[in-house]
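Asks: Please read through the structure below; I'll follow up with questions.
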Amino acid sequence: MPSAARRPLPIRLRNLRRIILRTSTAITSSVLTLLVSASARGAQPVAPLKSPGGAVEVAFSLSGEGAPQYSVSFRGRPIVVDSGLGLTLREGGPFAAGFHVVDTRRASRDERYPFVAGKTREGRDHCEELTVALEQDGAKPRRLEVVFRAYDDGAALRYVLPRQPAIRDVEIASEETQFRFTGDHRAWALFLPSFTTSNEREFVPVPLLAIKPESIVGPPLVVELGDGLTVALAEANLKGYAGLHFARVEGGNQSRFPTLVSTLAPLPTQPGIAVRGATPLVTPWRVLMIGDRPGALIESTLVYNLSDPSEIADTSWIKPGKVAWDWWNGPVIPGASFKVGMNDDTFKHFIDFAGEFGLEYMLIDAGWYGSHRDVTADIARSIPEMDIPGLVAYGRERKVGLLLWLNWENVRDQMDLAFPVYEKWGVRGIKVDYMNRKDQEIVAFYRQVLRTAAKYHLTVDFHGAYAPTGEERTWPNLLTREGILGLEYSKWSDRATPRHNVTIPFTRMLVGPMDYTPGAFRNVTVETFAPRNDAPVAMGTRGHHLAMYVVYDSPLQMLSDTPAAYRGEPGADFLKVVPASWDETRVLDGRIGEYVVIARRRGTDWFIGAMTDAPRTVEVPLAFLGAGAFEATVYADVPESATIPTRIGVALAKIPAGPTRRPLVLNLVKGGGAAVQVRPATR
């Protein structure tokens, strides 16, 4: 392995796109077309941009003051209207009015790309694109380009500051991208206390007007427009820039048309500056995910479509999987013949369990190299009680790989020295924690970690993190991240509720994998719950928590409880067979904050997860299975689950082929759920 440790990162995958230049009189190409049409002062208005199937339309215009603005509609219904655009530079001030159009360019895109791990096997970047080149009058004219894309499931825009004499070095004080809605719709908002946060809060249902000018709302921000129409505001391809948040514009007629505006996390030492760079400068995408039902946004790959292609040529070493984990449960090992703690015996016990259950990984959490808060500790050397190379070898014999927890500040200072050591040891991945920021500097750190980890064949799990922006496409060694109020909160609070659990699939999960760390098998009712640090309990039935392995998107899925909590327990067999990565995802039913039913396919097997807050009967349509007969193993609530949440029914069901196939009926109790494995019938 020494030679492999020094192998350089493979050259970036070349994008398999074809670009065909044409004039405005040429016929349209079906793959990728570029149309250039010159425009001058006083030229005709810019024609709207329509998505390939015509569902989404984006319109651009200039106000009487030369201020750029845009509107987006979905199947004829307005989403945002006459929404302002622009930037404010530290030198030169607002860059948002006094413009005229000097050029427009149009392009068509249609490209398929693979998912190394995640909710589907393949994504399709299929859209129409419009670039509007603007010039601002003045002694030194300044130029700005706005790029729009229209997909059938959303729209996106970004800014380009071209190289120009008037602007070379750039310091952006703020961004003025607006989202002007047509009513005071209900939103699901992640209110944050500051720009330095772990993003671990609830998504709260509020009217748009409850978002204040001083609010800091993290993405995604989901807005319900009525009759199922749902929009999520997000960002994609965040690099070399500050992270996006939202606030509300005050004044004028904004009470009738609530208008949100982008806000950027400032640099830590210069709060008046968000972004520092040089021209040409390209911003991340500002994204409007749009669907006729909330579940359509879960199925969407829009954030990935807008992100850069993979930087890793050979991805064969990147393996998703399920993970045994010591931290959440204490660790607690009932009846252990050894001292339980940060030592080899404890982790051999967990590795034995991982091998027994067919789990791909064991995560060694904080403490293996010293205090988790000691930012000077040597992360290439373990404490005397831990033999990491020995544990790697022990795991290898049981087909279990090791993952290591790290404080981000130690990683920042030591990654170039430590990561080659991990590869030499045979470690498979790292978990990097405590960043709790989203400014331009920390965004650069994320990218540096992913690049360096890829060089040494390490997968990555970010904790204390911001929500994904599509990095998993560019760096597929990034398997999951936190940025979510997860199961750990049951150790010290009552916030990881069933209601929260059925809200996050429609909010946080829209933009990418979330490391909720499921797997609680000490299940209690909401009324009897009490937090505790060791051997914690969790609200919701066992069926509710099993369903998370299907409902929640995370190519690294934790089994957070102690091995004794699973062995011999009803429902534990499901954890042995459920995958962590998928070929296809379909959302069958659900309402934000109420319930969710998702089906995911791996190979020829389908898995169904159903979760609810309140008691309900769910009828699961099975037409998605296609032709043929199937057999199902159903792990679901029973009536006793309402008072004894550890109770779960396990039943076998035959699903016939043809028109006699009926829906699968699931009777779920309060805080309940079900998990189902469906296989082609054997003859």
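Letters A, B, ... go to the chains of the structure tokens in the order shown; residues in each chain start at 1; ligands are counted from 1 in the same order.
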Please list as a ChimeraX atom specification every residue within 12 Å of Val421 of chain A, counting only C-alpha atoms and excluding residues in the same chain fewer than 2 positions away.

Replies: /A:1-2,4-6,378-382,388-389,414-419,423-428,453,456-458

Asks: If we count only C-alpha atoms and set the cut-off at 10 Å, which residues sit around Lys576 of chain A, ignoring sequence neighbours fewer than 5 positions away in its own chain? Please answer as a PDB file with C-alpha atoms, in the first residue's frame.

Replies:
```
ATOM      1  CA  LYS A 322     -24.322   0.251   7.248  1.00  0.00           C
ATOM      2  CA  ALA A 354     -20.935  -5.803  12.552  1.00  0.00           C
ATOM      3  CA  GLU A 356     -22.521 -11.004  12.407  1.00  0.00           C
ATOM      4  CA  PHE A 357     -25.108  -8.614  10.938  1.00  0.00           C
ATOM      5  CA  GLY A 358     -23.305  -8.136   7.630  1.00  0.00           C
ATOM      6  CA  LEU A 359     -22.520  -4.463   8.271  1.00  0.00           C
ATOM      7  CA  GLY A 571     -37.287  -6.556  13.476  1.00  0.00           C
TER       8      GLY A 571
END
```

Asks: Mind checking which residues fall within 9 Å of Val116 of chain A, counting only C-alpha atoms, ignoring those fewer than 5 positions away in the same chain, and posting them as a list in words?

Replies: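 My reading of the contact set: Arg121, Glu122, Thr315, Ser316, Ile318, Lys319, Pro320, Glu472, Arg473, Pro476, Asn477 and Ser581 of chain A.
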
Asks: Just checking: using only C-alpha atoms, which residue out of A:Pro570, A:Phe195, A:Trp317, A:Trp582 ends up closest to Met435 of chain A?

Replies: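 Looking at the shortest contact to Met435 of chain A, the residue is A:Phe195.
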
Asks: Can you pull out the residues contacting Asn305 of chain A? Cut-off 10 Å, using only C-alpha atoms, and skip same-chain residues under 3 positions away; I want them as a count of residues only.

Replies: 18

Asks: Restricting the calculation to only C-alpha atoms: of A:Val597, A:Leu363, A:Val502, A:Val650, which residue gets closest to Asp573 of chain A?

Replies: A:Val650
